[in-house]
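First the structure, in the form of structure tokens, and then the observations on it.
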Protein chains: 2
Amino acid sequence: MSKKVTLKDVARRAGVSYQTVSKVLSGQKRVTPEVRDRIYAAVEELDYRPNVAARNLRTQSSYLLGYSWQPDRHYYFNPVLEEFQQSVVEAAEELGYHILLFPQRQGQDLVEIYQELVLTGRVDGFILSGLEYYDPRVPALNRLNVPLVAFGRTDSDHAFPYVDVDGQAGIYLAARHLMDLGHERIAILCWPETSRVGTERLSGYLQAMEEAGLPIDPAWIVRGETEYDFGYGATPQLLDLPLDRRPTAIVTMHDLIALGTISAVQERGLRVGHDIAVTGFDNVPVVRYFRPGLTTLQQPVWDVGQRVVQMLISLLKNEDVETQQVLLTPKLVIRESTQPYSPEDTE
Amino acid sequence: MSKKVTLKDVARRAGVSYQTVSKVLSGQKRVTPEVRDRIYAAVEELDYRPNVAARNLRTQSSYLLGYSWQPDRHYYFNPVLEEFQQSVVEAAEELGYHILLFPQRQGQDLVEIYQELVLTGRVDGFILSGLEYYDPRVPALNRLNVPLVAFGRTDSDHAFPYVDVDGQAGIYLAARHLMDLGHERIAILCWPETSRVGTERLSGYLQAMEEAGLPIDPAWIVRGETEYDFGYGATPQLLDLPLDRRPTAIVTMHDLIALGTISAVQERGLRVGHDIAVTGFDNVPVVRYFRPGLTTLQQPVWDVGQRVVQMLISLLKNEDVETQQVLLTPKLVIRESTQPYSPEDTE
DNA sequence: GATTTTTAGGCGAACGTTCGCCCTATTTAG
DNA sequence: CTAAATAGGGCGAACGTTCGCCTAAAAATC
């Protein structure tokens, strides 16, 4: 392989100084058309590309955005983050940036890892996802004065730029939809109180119930941590309630919880949809393979990714960003798991 | 934020030249213990980290490995590549490298994209996945003289380093397992002939049948492209065969195909496992939620990722790599979808 | 026609490393 | 006791850009 082509090679061929070539290529200087053409011809003939290491050193930036996600090592299934990542990669490339992936092993000091990447100048900024209450990364990165934009929010102590999907509005939509179908006794399977996302989604349920003037039986709010197993395990105790307290609809935090619930409902011989309506969250691809089709909420994940990157790069360029906090609304996808409530039916 | 700390800052504090600091930190020079301690103390106090842009410029390398995967934009579900990516990220970091992600939009010139990253010095090498017959990336990168290691093989025209899972051995294992259970009429749902992975897996089936001296009815080999829908759609035509030609077991190329098959079998009122045994491939996480449990093949994906990275980095360092072509065997995971063949049963 | 402004392009410096070579003082060998 | 070897550390240069400033010629102004 031939040696690397540099600015000097181009300059020699075009008969100008290499600094002039640099300026012409970056559009910072106008020159006579002849010189311009000579330069571009030389670039073409030599197949010149600027060396990023040199540019990075000079401009003190890496044009790299750090990103990391923490999967459960024994359970790879996260279509939402998968789509988010892909969106982020494309958006970054369009703006001349790339995504640098780094690991976040459990047990290792998170902040340390992020700090290392900043101090070595590896990355210009970070994309965060999977935030929880009091996420240590936000204050740490603020202290290091490094830009970040998150997919998701944390506690409101520190103001920081993010794009998030409004889980409250989502569950509110689901609950309203059920009420429109005539359901009044609506239960919810939700995540532990320590989950910010869960708490927020729950509040959408509470809001919808309150607005509609529907009473909430404390037994209708069940908390759990796993996905399918939680739905499968928690549903029987809802179905065991006296008939006048038994919910006719179950809202869940996630599609997989909903699948567990549906399974439990079916094992009772109840009809999903009519007897017990069920909703999920995320519209994960595999729900396609289950019947009845699951009514669920679709997050505008691709859009989130695009906006996160655009916002982060604006921040890096010191452009002022209009809104630093964006909240997008999920879309209700209605399928067969939610049907009009018809009390005179089976059983 | 204070200014960046450089070698010169450390040197000034330690009372030596900055080049000496560099050499001590990289272990290239021995110095008196006192000087050594002074240097390390200064590093500690100033929290010094070497600047990677400068290092990259000087060493003419980026310590970045390029990786890209082409997902179906409207269908995010690829647990295997998800695990592979995570493995690769961790392995790279352990060896002082990072993964750079870049997009591969359809319709765009693949080779162009890879070339750009090489000529600008953005990456030192590439990790490839999702290879197909005559993959244009392999010869293109060879021509550019840039190291690559692939997860997967392509046609054997160009010898190149790869780590792959032996699909032939995998399907062979599945077929043998079915034979051990007494099955003799075994069908296979496979991918189009244009699929290298599919062709290879099919040959495992052919090998097992031949070794066992079992005849193959041409109707037992069905080809299709989608996943669940293919399994669901193609199975009835197998079940419609005259009883003496009807398969008692169906081997498939993928778990999702198997799920479609199971669904079709169940709709016929046949018992999955006993009447019709079914096997999948990949052991994707969601099979957990289906009953009966699916017998399938688990790829050692994590291991593949580790080896790919180790091999690539060895190549970059010009260390000689013993074996440039590694083939790992998948593990058969036996669940309820394969049971002993018992012909006197139902129907 | 003399002076000022603009234009085209050159030049030096710096970004923060790594690496080879050089020098001096000490140790070892003869 | 002298000559050679070694250890400790310094110094200059280079990696390939970008950026500000400078100069000479051409153009515009009075």
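Labeling convention for the structure tokens: chains A, B, ... as they appear, residues from 1 per chain, ligands from 1 in order of appearance.
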
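Residues in contact with segment 251-267 of chain A at 6 Å, where only C-alpha atoms (C1' of nucleotides) are counted and same-chain residues fewer than 5 positions away are skipped, are listed as Ile188, Leu189, Cys190, Glu227, Tyr228, Gly231, Tyr232, Thr235, Val278, Thr279, Gly280 and Phe281 of chain A.
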
Residue selection dump (N, CA and C atoms) as a PDB file, in the first residue's frame:
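What follows is the written file out.pdb:
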```
ATOM      1  N   ILE A 188     -53.434  -2.002  37.621  1.00  0.00           N
ATOM      2  CA  ILE A 188     -52.167  -1.680  36.964  1.00  0.00           C
ATOM      3  C   ILE A 188     -51.033  -2.490  37.580  1.00  0.00           C
ATOM      4  N   LEU A 189     -50.245  -3.100  36.723  1.00  0.00           N
ATOM      5  CA  LEU A 189     -49.064  -3.825  37.190  1.00  0.00           C
ATOM      6  C   LEU A 189     -47.873  -2.901  36.981  1.00  0.00           C
ATOM      7  N   CYS A 190     -47.282  -2.457  38.073  1.00  0.00           N
ATOM      8  CA  CYS A 190     -46.218  -1.472  37.881  1.00  0.00           C
ATOM      9  C   CYS A 190     -44.926  -1.854  38.582  1.00  0.00           C
ATOM     10  N   GLU A 227     -40.335  -9.309  34.287  1.00  0.00           N
ATOM     11  CA  GLU A 227     -41.199  -8.957  33.165  1.00  0.00           C
ATOM     12  C   GLU A 227     -42.308  -9.997  33.023  1.00  0.00           C
ATOM     13  N   TYR A 228     -42.106 -10.979  32.166  1.00  0.00           N
ATOM     14  CA  TYR A 228     -43.137 -11.980  31.940  1.00  0.00           C
ATOM     15  C   TYR A 228     -43.586 -12.629  33.250  1.00  0.00           C
ATOM     16  N   GLY A 231     -45.922 -10.557  35.382  1.00  0.00           N
ATOM     17  CA  GLY A 231     -47.284 -10.517  34.858  1.00  0.00           C
ATOM     18  C   GLY A 231     -48.022 -11.819  35.123  1.00  0.00           C
ATOM     19  N   TYR A 232     -47.309 -12.904  34.871  1.00  0.00           N
ATOM     20  CA  TYR A 232     -47.913 -14.222  35.032  1.00  0.00           C
ATOM     21  C   TYR A 232     -48.228 -14.498  36.496  1.00  0.00           C
ATOM     22  N   THR A 235     -51.061 -11.705  38.180  1.00  0.00           N
ATOM     23  CA  THR A 235     -52.427 -11.632  37.655  1.00  0.00           C
ATOM     24  C   THR A 235     -53.453 -12.460  38.453  1.00  0.00           C
ATOM     25  N   VAL A 278     -56.210  -6.056  28.320  1.00  0.00           N
ATOM     26  CA  VAL A 278     -54.811  -5.941  28.760  1.00  0.00           C
ATOM     27  C   VAL A 278     -54.063  -4.983  27.827  1.00  0.00           C
ATOM     28  N   THR A 279     -53.216  -4.133  28.404  1.00  0.00           N
ATOM     29  CA  THR A 279     -52.369  -3.277  27.566  1.00  0.00           C
ATOM     30  C   THR A 279     -50.902  -3.436  27.956  1.00  0.00           C
ATOM     31  N   GLY A 280     -50.041  -3.192  26.984  1.00  0.00           N
ATOM     32  CA  GLY A 280     -48.602  -3.285  27.220  1.00  0.00           C
ATOM     33  C   GLY A 280     -47.914  -1.949  27.028  1.00  0.00           C
ATOM     34  N   PHE A 281     -46.623  -2.008  26.831  1.00  0.00           N
ATOM     35  CA  PHE A 281     -45.853  -0.787  26.573  1.00  0.00           C
ATOM     36  C   PHE A 281     -44.615  -1.165  25.779  1.00  0.00           C
TER      37      PHE A 281
END
```

Closest contacts (chain D/chain B, max 10 Å, only C-alpha atoms (C1' of nucleotides)) as CSV:
```
residue,atom,partner,partner_atom,distance
D:DA7,C1',B:Val31,CA,8.3
D:DG8,C1',B:Val31,CA,6.0
D:DG9,C1',B:Thr20,CA,6.9
D:DG10,C1',B:Ser17,CA,6.7
D:DC11,C1',B:Gln19,CA,8.9
D:DA14,C1',B:Arg58,CA,7.9
D:DC15,C1',B:Arg58,CA,4.5
D:DG16,C1',B:Leu57,CA,7.6
D:DT17,C1',B:Leu57,CA,9.8
```

Using only C-alpha atoms, find each residue in chain B having at least one atom no more than 8 Å away from chain A; report its shortest atom-to-atom pair and that distance in Å (one decimal), rows by chain then rising number, as a Markdown table.
```
| residue | atom | partner | partner_atom | distance |
| --- | --- | --- | --- | --- |
| B:Met1 | CA | A:Asn145 | CA | 6.5 |
| B:Lys4 | CA | A:Leu119 | CA | 7.7 |
| B:Tyr48 | CA | A:Leu119 | CA | 8.0 |
| B:Arg49 | CA | A:Thr120 | CA | 5.5 |
| B:Pro50 | CA | A:Thr120 | CA | 5.7 |
| B:Asn51 | CA | A:Thr120 | CA | 4.7 |
| B:Val52 | CA | A:Thr120 | CA | 5.7 |
| B:Ala53 | CA | A:Leu57 | CA | 4.9 |
| B:Ala54 | CA | A:Leu57 | CA | 5.6 |
| B:Asn56 | CA | A:Ala53 | CA | 5.8 |
| B:Leu57 | CA | A:Ala53 | CA | 5.0 |
| B:Gln60 | CA | A:Ala53 | CA | 7.9 |
| B:Ser62 | CA | A:Ala53 | CA | 7.3 |
| B:Arg73 | CA | A:Glu83 | CA | 7.8 |
| B:Tyr75 | CA | A:Pro285 | CA | 6.4 |
| B:Tyr76 | CA | A:Pro79 | CA | 5.2 |
| B:Phe77 | CA | A:Pro79 | CA | 5.8 |
| B:Asn78 | CA | A:Phe77 | CA | 7.8 |
| B:Pro79 | CA | A:Tyr76 | CA | 5.2 |
| B:Val80 | CA | A:Tyr76 | CA | 7.8 |
| B:Glu82 | CA | A:Tyr76 | CA | 6.5 |
| B:Glu83 | CA | A:Tyr76 | CA | 6.2 |
| B:Gln86 | CA | A:Pro103 | CA | 7.6 |
| B:Val89 | CA | A:Pro103 | CA | 6.0 |
| B:Glu90 | CA | A:Pro103 | CA | 5.5 |
| B:Glu93 | CA | A:Phe102 | CA | 7.1 |
| B:His98 | CA | A:Phe102 | CA | 6.5 |
| B:Ile99 | CA | A:Leu101 | CA | 5.3 |
| B:Leu100 | CA | A:Leu100 | CA | 4.7 |
| B:Leu101 | CA | A:Ile99 | CA | 5.3 |
| B:Phe102 | CA | A:Val89 | CA | 6.0 |
| B:Pro103 | CA | A:Glu90 | CA | 5.5 |
| B:Glu116 | CA | A:Arg49 | CA | 7.8 |
| B:Leu119 | CA | A:Arg49 | CA | 6.1 |
| B:Thr120 | CA | A:Asn51 | CA | 4.7 |
| B:Gly121 | CA | A:Asn51 | CA | 5.9 |
| B:Arg122 | CA | A:Val52 | CA | 6.3 |
| B:Leu144 | CA | A:Met1 | CA | 7.0 |
| B:Asn145 | CA | A:Met1 | CA | 6.5 |
| B:Tyr228 | CA | A:Tyr289 | CA | 7.4 |
| B:Gly260 | CA | A:Tyr289 | CA | 7.9 |
| B:Pro285 | CA | A:Tyr75 | CA | 6.3 |
| B:Val286 | CA | A:Val286 | CA | 7.6 |
| B:Tyr289 | CA | A:Tyr228 | CA | 7.3 |
```

Export, as a tab-separated table (two decimals), in the first residue's frame, the selected residues with N, CA and C atoms.
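Output below, filename result.tsv:
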```tsv
chain	number	residue	atom	x	y	z
B	1	MET	N	-13.72	24.92	34.44
B	1	MET	CA	-12.81	23.77	34.44
B	1	MET	C	-11.38	24.21	34.14
B	4	LYS	N	-6.37	21.61	30.42
B	4	LYS	CA	-5.91	20.24	30.32
B	4	LYS	C	-4.50	20.11	30.89
B	48	TYR	N	-3.19	13.58	35.81
B	48	TYR	CA	-2.80	13.60	34.40
B	48	TYR	C	-3.26	12.35	33.64
B	49	ARG	N	-3.75	12.56	32.43
B	49	ARG	CA	-4.04	11.45	31.50
B	49	ARG	C	-3.45	11.83	30.15
B	50	PRO	N	-2.81	10.91	29.51
B	50	PRO	CA	-2.27	11.21	28.18
B	50	PRO	C	-3.38	11.57	27.20
B	51	ASN	N	-3.09	12.48	26.33
B	51	ASN	CA	-4.05	12.90	25.33
B	51	ASN	C	-4.03	11.94	24.14
B	52	VAL	N	-5.17	11.37	23.87
B	52	VAL	CA	-5.18	10.34	22.82
B	52	VAL	C	-5.00	10.91	21.43
B	53	ALA	N	-5.47	12.12	21.20
B	53	ALA	CA	-5.33	12.69	19.86
B	53	ALA	C	-3.85	12.81	19.51
B	54	ALA	N	-3.08	13.30	20.46
B	54	ALA	CA	-1.65	13.45	20.23
B	54	ALA	C	-0.99	12.09	20.04
B	56	ASN	N	-2.37	9.38	19.04
B	56	ASN	CA	-2.81	8.80	17.77
B	56	ASN	C	-2.04	9.40	16.60
B	57	LEU	N	-1.85	10.69	16.66
B	57	LEU	CA	-1.13	11.35	15.57
B	57	LEU	C	0.30	10.81	15.49
B	60	GLN	N	0.35	7.05	14.64
B	60	GLN	CA	-0.36	6.71	13.40
B	60	GLN	C	-1.35	5.57	13.59
B	62	SER	N	-5.34	4.74	15.72
B	62	SER	CA	-6.47	5.38	16.41
B	62	SER	C	-6.95	4.58	17.61
B	73	ARG	N	-34.61	-1.87	9.49
B	73	ARG	CA	-35.00	-0.67	10.23
B	73	ARG	C	-36.36	-0.77	10.91
B	75	TYR	N	-37.67	-3.49	12.24
B	75	TYR	CA	-37.85	-4.72	12.98
B	75	TYR	C	-36.62	-4.97	13.83
B	76	TYR	N	-36.56	-4.34	14.96
B	76	TYR	CA	-35.38	-4.47	15.79
B	76	TYR	C	-35.47	-5.69	16.68
B	77	PHE	N	-34.74	-6.70	16.33
B	77	PHE	CA	-34.75	-7.89	17.15
B	77	PHE	C	-33.59	-8.74	16.72
B	78	ASN	N	-32.51	-8.61	17.38
B	78	ASN	CA	-31.35	-9.39	17.01
B	78	ASN	C	-30.47	-9.66	18.20
B	79	PRO	N	-30.96	-10.54	19.08
B	79	PRO	CA	-30.26	-10.81	20.33
B	79	PRO	C	-28.84	-11.31	20.10
B	80	VAL	N	-28.62	-12.04	19.02
B	80	VAL	CA	-27.29	-12.58	18.78
B	80	VAL	C	-26.30	-11.46	18.53
B	82	GLU	N	-26.69	-8.43	19.31
B	82	GLU	CA	-26.67	-7.59	20.50
B	82	GLU	C	-25.63	-8.11	21.48
B	83	GLU	N	-25.63	-9.39	21.69
B	83	GLU	CA	-24.65	-9.99	22.59
B	83	GLU	C	-23.25	-9.90	22.00
B	86	GLN	N	-21.84	-6.45	22.53
B	86	GLN	CA	-21.44	-6.21	23.90
B	86	GLN	C	-20.12	-6.92	24.21
B	89	VAL	N	-17.24	-5.03	22.62
B	89	VAL	CA	-16.93	-3.78	23.31
B	89	VAL	C	-16.08	-4.05	24.54
B	90	GLU	N	-16.46	-5.06	25.29
B	90	GLU	CA	-15.71	-5.37	26.51
B	90	GLU	C	-14.31	-5.88	26.20
B	93	GLU	N	-12.03	-3.02	25.06
B	93	GLU	CA	-11.62	-2.11	26.12
B	93	GLU	C	-10.52	-2.73	26.97
B	98	HIS	N	-11.23	0.77	21.50
B	98	HIS	CA	-12.66	1.04	21.59
B	98	HIS	C	-13.33	0.72	20.27
B	99	ILE	N	-14.65	0.63	20.33
B	99	ILE	CA	-15.42	0.32	19.13
B	99	ILE	C	-16.04	1.60	18.58
B	100	LEU	N	-15.83	1.82	17.30
B	100	LEU	CA	-16.47	2.95	16.63
B	100	LEU	C	-17.59	2.41	15.75
B	101	LEU	N	-18.77	2.95	15.99
B	101	LEU	CA	-19.94	2.51	15.24
B	101	LEU	C	-20.18	3.42	14.05
B	102	PHE	N	-20.53	2.85	12.94
B	102	PHE	CA	-20.86	3.69	11.79
B	102	PHE	C	-22.04	3.08	11.05
B	103	PRO	N	-22.78	3.93	10.37
B	103	PRO	CA	-24.00	3.44	9.72
B	103	PRO	C	-23.71	2.87	8.36
B	116	GLU	N	-13.50	5.38	3.42
B	116	GLU	CA	-13.42	6.70	4.05
B	116	GLU	C	-12.82	6.59	5.46
B	119	LEU	N	-8.98	5.74	5.13
B	119	LEU	CA	-8.10	6.77	4.60
B	119	LEU	C	-7.98	7.97	5.53
B	120	THR	N	-9.02	8.24	6.28
B	120	THR	CA	-8.93	9.35	7.23
B	120	THR	C	-8.21	8.92	8.50
B	121	GLY	N	-7.92	7.64	8.61
B	121	GLY	CA	-7.24	7.16	9.81
B	121	GLY	C	-8.15	7.08	11.01
B	122	ARG	N	-9.43	7.02	10.77
B	122	ARG	CA	-10.40	6.97	11.85
B	122	ARG	C	-10.30	5.67	12.63
B	144	LEU	N	-7.23	-2.41	0.37
B	144	LEU	CA	-6.78	-1.25	1.13
B	144	LEU	C	-5.74	-1.64	2.17
B	145	ASN	N	-5.53	-2.95	2.28
B	145	ASN	CA	-4.53	-3.45	3.19
B	145	ASN	C	-4.84	-3.15	4.66
B	228	TYR	N	-41.10	-16.10	11.48
B	228	TYR	CA	-42.30	-16.72	12.02
B	228	TYR	C	-43.27	-17.10	10.90
B	260	GLY	N	-43.31	-20.39	14.61
B	260	GLY	CA	-44.38	-20.41	13.61
B	260	GLY	C	-44.83	-21.84	13.34
B	285	PRO	N	-34.00	-15.07	23.54
B	285	PRO	CA	-34.59	-14.95	24.88
B	285	PRO	C	-36.09	-15.16	24.92
B	286	VAL	N	-36.81	-14.72	23.91
B	286	VAL	CA	-38.26	-14.80	24.00
B	286	VAL	C	-38.83	-16.21	23.97
B	289	TYR	N	-40.97	-17.62	26.75
B	289	TYR	CA	-42.38	-17.34	27.00
B	289	TYR	C	-43.33	-18.20	26.21
```

Exercise for the section: Write out as a VMD selection string which residues come within 12 Å of DG30 of chain C when counting only C-alpha atoms (C1' of nucleotides), dropping same-chain ones fewer than 6 positions away. Expected result: chain D and resid 1 to 4

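Near chain A, the residues of chain C that fall inside 8 Å (using only C-alpha atoms (C1' of nucleotides)) are DA8, DG9, DG10, DA14, DC15 and DG16 of chain C.
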
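Between atom CA of Leu181 of chain B and atom CA of Asn283 of chain B there is a distance of 20.7 Å.
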
May I have the residues within 9 Å of segment 44-46 of chain B as a CSV table (one decimal) with C-alpha atoms, in the first residue's frame, using only C-alpha atoms (C1' of nucleotides) and disregarding those fewer than 2 positions away in the same chain?
```
chain,number,residue,atom,x,y,z
B,5,VAL,CA,-2.9,18.7,32.1
B,9,ASP,CA,2.9,20.1,33.5
B,10,VAL,CA,3.8,16.9,35.1
B,39,ILE,CA,6.8,11.7,38.5
B,40,TYR,CA,4.1,9.4,39.8
B,41,ALA,CA,3.3,11.8,42.6
B,42,ALA,CA,3.0,14.6,40.1
B,48,TYR,CA,-2.8,13.6,34.4
```

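The gap separating atom CA of Tyr67 of chain A from atom CA of Thr323 of chain A is 22.1 Å, in Å to one decimal.
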
Problem - Secondary structure check, strand (DSSP E) residues of segment 236-305 of chain B, as a ChimeraX atom specification - result: /B:249-252,277-279,296-298

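Straight-line separation from atom CA of Ile113 of chain B to atom CA of Tyr114 of chain A: 28.8 Å.
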
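Contact shell of Gln237 of chain A at 10 Å (only C-alpha atoms (C1' of nucleotides); same-chain neighbours under 6 positions omitted): Ala219, Trp220, Val222 and Arg246 of chain A.
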
Practice task
Compare D:DA5, D:DC30, D:DC19, D:DA13 by their minimum atom-to-atom distance to DG20 of chain C, counting only C-alpha atoms (C1' of nucleotides), and give me the closest one.
Solution key: D:DA13

Exercise for the section: Assign secondary structure with DSSP using the backbone only, and return the residues of segment 144-281 of chain A in helix (DSSP H, G or I) as a PyMOL selection string. Expected result: chain A and resi 167-180+196-211+218-220+228-239+255-267

Write out the residues from the selection above, keeping C-alpha atoms, as a PDB file, in the first residue's frame.
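Saved file result_26.pdb follows:
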```pdb
ATOM      1  CA  GLY A 167     -44.719   7.759  30.037  1.00  0.00           C
ATOM      2  CA  GLN A 168     -47.406   9.494  32.026  1.00  0.00           C
ATOM      3  CA  ALA A 169     -49.154  10.623  28.846  1.00  0.00           C
ATOM      4  CA  GLY A 170     -48.735   7.124  27.452  1.00  0.00           C
ATOM      5  CA  ILE A 171     -50.397   5.288  30.290  1.00  0.00           C
ATOM      6  CA  TYR A 172     -52.979   8.047  30.478  1.00  0.00           C
ATOM      7  CA  LEU A 173     -53.811   7.296  26.833  1.00  0.00           C
ATOM      8  CA  ALA A 174     -54.109   3.599  27.559  1.00  0.00           C
ATOM      9  CA  ALA A 175     -56.355   4.165  30.565  1.00  0.00           C
ATOM     10  CA  ARG A 176     -58.588   6.610  28.693  1.00  0.00           C
ATOM     11  CA  HIS A 177     -58.869   4.136  25.862  1.00  0.00           C
ATOM     12  CA  LEU A 178     -60.051   1.471  28.293  1.00  0.00           C
ATOM     13  CA  MET A 179     -62.571   3.856  29.836  1.00  0.00           C
ATOM     14  CA  ASP A 180     -63.878   4.722  26.400  1.00  0.00           C
ATOM     15  CA  ARG A 196     -38.499   6.667  38.011  1.00  0.00           C
ATOM     16  CA  VAL A 197     -39.950   5.495  34.745  1.00  0.00           C
ATOM     17  CA  GLY A 198     -42.431   3.331  36.598  1.00  0.00           C
ATOM     18  CA  THR A 199     -43.516   6.061  38.970  1.00  0.00           C
ATOM     19  CA  GLU A 200     -44.103   8.385  36.096  1.00  0.00           C
ATOM     20  CA  ARG A 201     -46.175   5.904  34.163  1.00  0.00           C
ATOM     21  CA  LEU A 202     -48.202   5.115  37.253  1.00  0.00           C
ATOM     22  CA  SER A 203     -49.082   8.783  37.618  1.00  0.00           C
ATOM     23  CA  GLY A 204     -50.686   8.687  34.170  1.00  0.00           C
ATOM     24  CA  TYR A 205     -52.975   5.984  35.439  1.00  0.00           C
ATOM     25  CA  LEU A 206     -53.792   7.890  38.601  1.00  0.00           C
ATOM     26  CA  GLN A 207     -54.496  11.024  36.608  1.00  0.00           C
ATOM     27  CA  ALA A 208     -56.852   9.259  34.220  1.00  0.00           C
ATOM     28  CA  MET A 209     -58.737   7.557  37.023  1.00  0.00           C
ATOM     29  CA  GLU A 210     -59.097  10.762  38.970  1.00  0.00           C
ATOM     30  CA  GLU A 211     -60.231  12.792  35.999  1.00  0.00           C
ATOM     31  CA  PRO A 218     -55.707  -0.382  46.542  1.00  0.00           C
ATOM     32  CA  ALA A 219     -55.568  -4.030  45.509  1.00  0.00           C
ATOM     33  CA  TRP A 220     -55.459  -2.931  41.892  1.00  0.00           C
ATOM     34  CA  TYR A 228     -43.137 -11.980  31.940  1.00  0.00           C
ATOM     35  CA  ASP A 229     -42.937 -13.750  35.271  1.00  0.00           C
ATOM     36  CA  PHE A 230     -44.262 -10.750  37.139  1.00  0.00           C
ATOM     37  CA  GLY A 231     -47.284 -10.517  34.858  1.00  0.00           C
ATOM     38  CA  TYR A 232     -47.913 -14.222  35.032  1.00  0.00           C
ATOM     39  CA  GLY A 233     -47.477 -14.359  38.776  1.00  0.00           C
ATOM     40  CA  ALA A 234     -49.345 -11.232  39.814  1.00  0.00           C
ATOM     41  CA  THR A 235     -52.427 -11.632  37.655  1.00  0.00           C
ATOM     42  CA  PRO A 236     -54.107 -14.493  39.581  1.00  0.00           C
ATOM     43  CA  GLN A 237     -54.365 -12.379  42.712  1.00  0.00           C
ATOM     44  CA  LEU A 238     -56.269  -9.784  40.707  1.00  0.00           C
ATOM     45  CA  LEU A 239     -58.589 -12.400  39.256  1.00  0.00           C
ATOM     46  CA  ASP A 255     -45.312  -5.751  26.743  1.00  0.00           C
ATOM     47  CA  LEU A 256     -43.647  -8.729  28.346  1.00  0.00           C
ATOM     48  CA  ILE A 257     -45.521  -8.186  31.593  1.00  0.00           C
ATOM     49  CA  ALA A 258     -48.667  -8.022  29.490  1.00  0.00           C
ATOM     50  CA  LEU A 259     -47.826 -11.308  27.807  1.00  0.00           C
ATOM     51  CA  GLY A 260     -47.508 -12.930  31.210  1.00  0.00           C
ATOM     52  CA  THR A 261     -50.819 -11.457  32.230  1.00  0.00           C
ATOM     53  CA  ILE A 262     -52.531 -12.667  29.068  1.00  0.00           C
ATOM     54  CA  SER A 263     -51.193 -16.134  29.667  1.00  0.00           C
ATOM     55  CA  ALA A 264     -52.560 -16.164  33.209  1.00  0.00           C
ATOM     56  CA  VAL A 265     -55.919 -14.816  32.084  1.00  0.00           C
ATOM     57  CA  GLN A 266     -56.213 -17.465  29.409  1.00  0.00           C
ATOM     58  CA  GLU A 267     -55.387 -20.227  31.851  1.00  0.00           C
TER      59      GLU A 267
END
```

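The residue that comes closest to DT18 of chain C, out of B:Ala11, B:Ala249, B:Val21, B:Val321 and on the basis of only C-alpha atoms (C1' of nucleotides), is B:Val21.
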
Practice task
List the neighbours of Ile276 of chain B out to 8 Å using only C-alpha atoms (C1' of nucleotides); skip same-chain residues closer than 6 positions along the sequence, and give me the result as a PyMOL selection string.
Solution key: chain B and resi 247-250+265+270+338

Could the residues in this selection be written to a file with N, CA and C atoms, as a PDB file, in the first residue's frame?
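As written to disk, result.pdb reads:
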```pdb
ATOM      1  N   PRO B 247     -43.551 -36.002   7.878  1.00  0.00           N
ATOM      2  CA  PRO B 247     -42.440 -35.993   8.839  1.00  0.00           C
ATOM      3  C   PRO B 247     -42.947 -36.060  10.275  1.00  0.00           C
ATOM      4  N   THR B 248     -42.128 -36.652  11.130  1.00  0.00           N
ATOM      5  CA  THR B 248     -42.466 -36.690  12.548  1.00  0.00           C
ATOM      6  C   THR B 248     -41.622 -35.676  13.304  1.00  0.00           C
ATOM      7  N   ALA B 249     -40.727 -35.045  12.578  1.00  0.00           N
ATOM      8  CA  ALA B 249     -39.891 -34.023  13.208  1.00  0.00           C
ATOM      9  C   ALA B 249     -39.563 -32.960  12.176  1.00  0.00           C
ATOM     10  N   ILE B 250     -39.479 -31.711  12.638  1.00  0.00           N
ATOM     11  CA  ILE B 250     -39.156 -30.606  11.736  1.00  0.00           C
ATOM     12  C   ILE B 250     -38.003 -29.803  12.326  1.00  0.00           C
ATOM     13  N   VAL B 265     -48.598 -26.435  14.028  1.00  0.00           N
ATOM     14  CA  VAL B 265     -48.799 -27.811  14.487  1.00  0.00           C
ATOM     15  C   VAL B 265     -49.916 -27.865  15.520  1.00  0.00           C
ATOM     16  N   LEU B 270     -52.277 -31.311  16.786  1.00  0.00           N
ATOM     17  CA  LEU B 270     -51.199 -32.278  17.023  1.00  0.00           C
ATOM     18  C   LEU B 270     -50.361 -31.822  18.209  1.00  0.00           C
ATOM     19  N   THR B 338     -38.975 -31.538  21.692  1.00  0.00           N
ATOM     20  CA  THR B 338     -38.509 -32.796  21.093  1.00  0.00           C
ATOM     21  C   THR B 338     -38.693 -33.912  22.106  1.00  0.00           C
TER      22      THR B 338
END
```
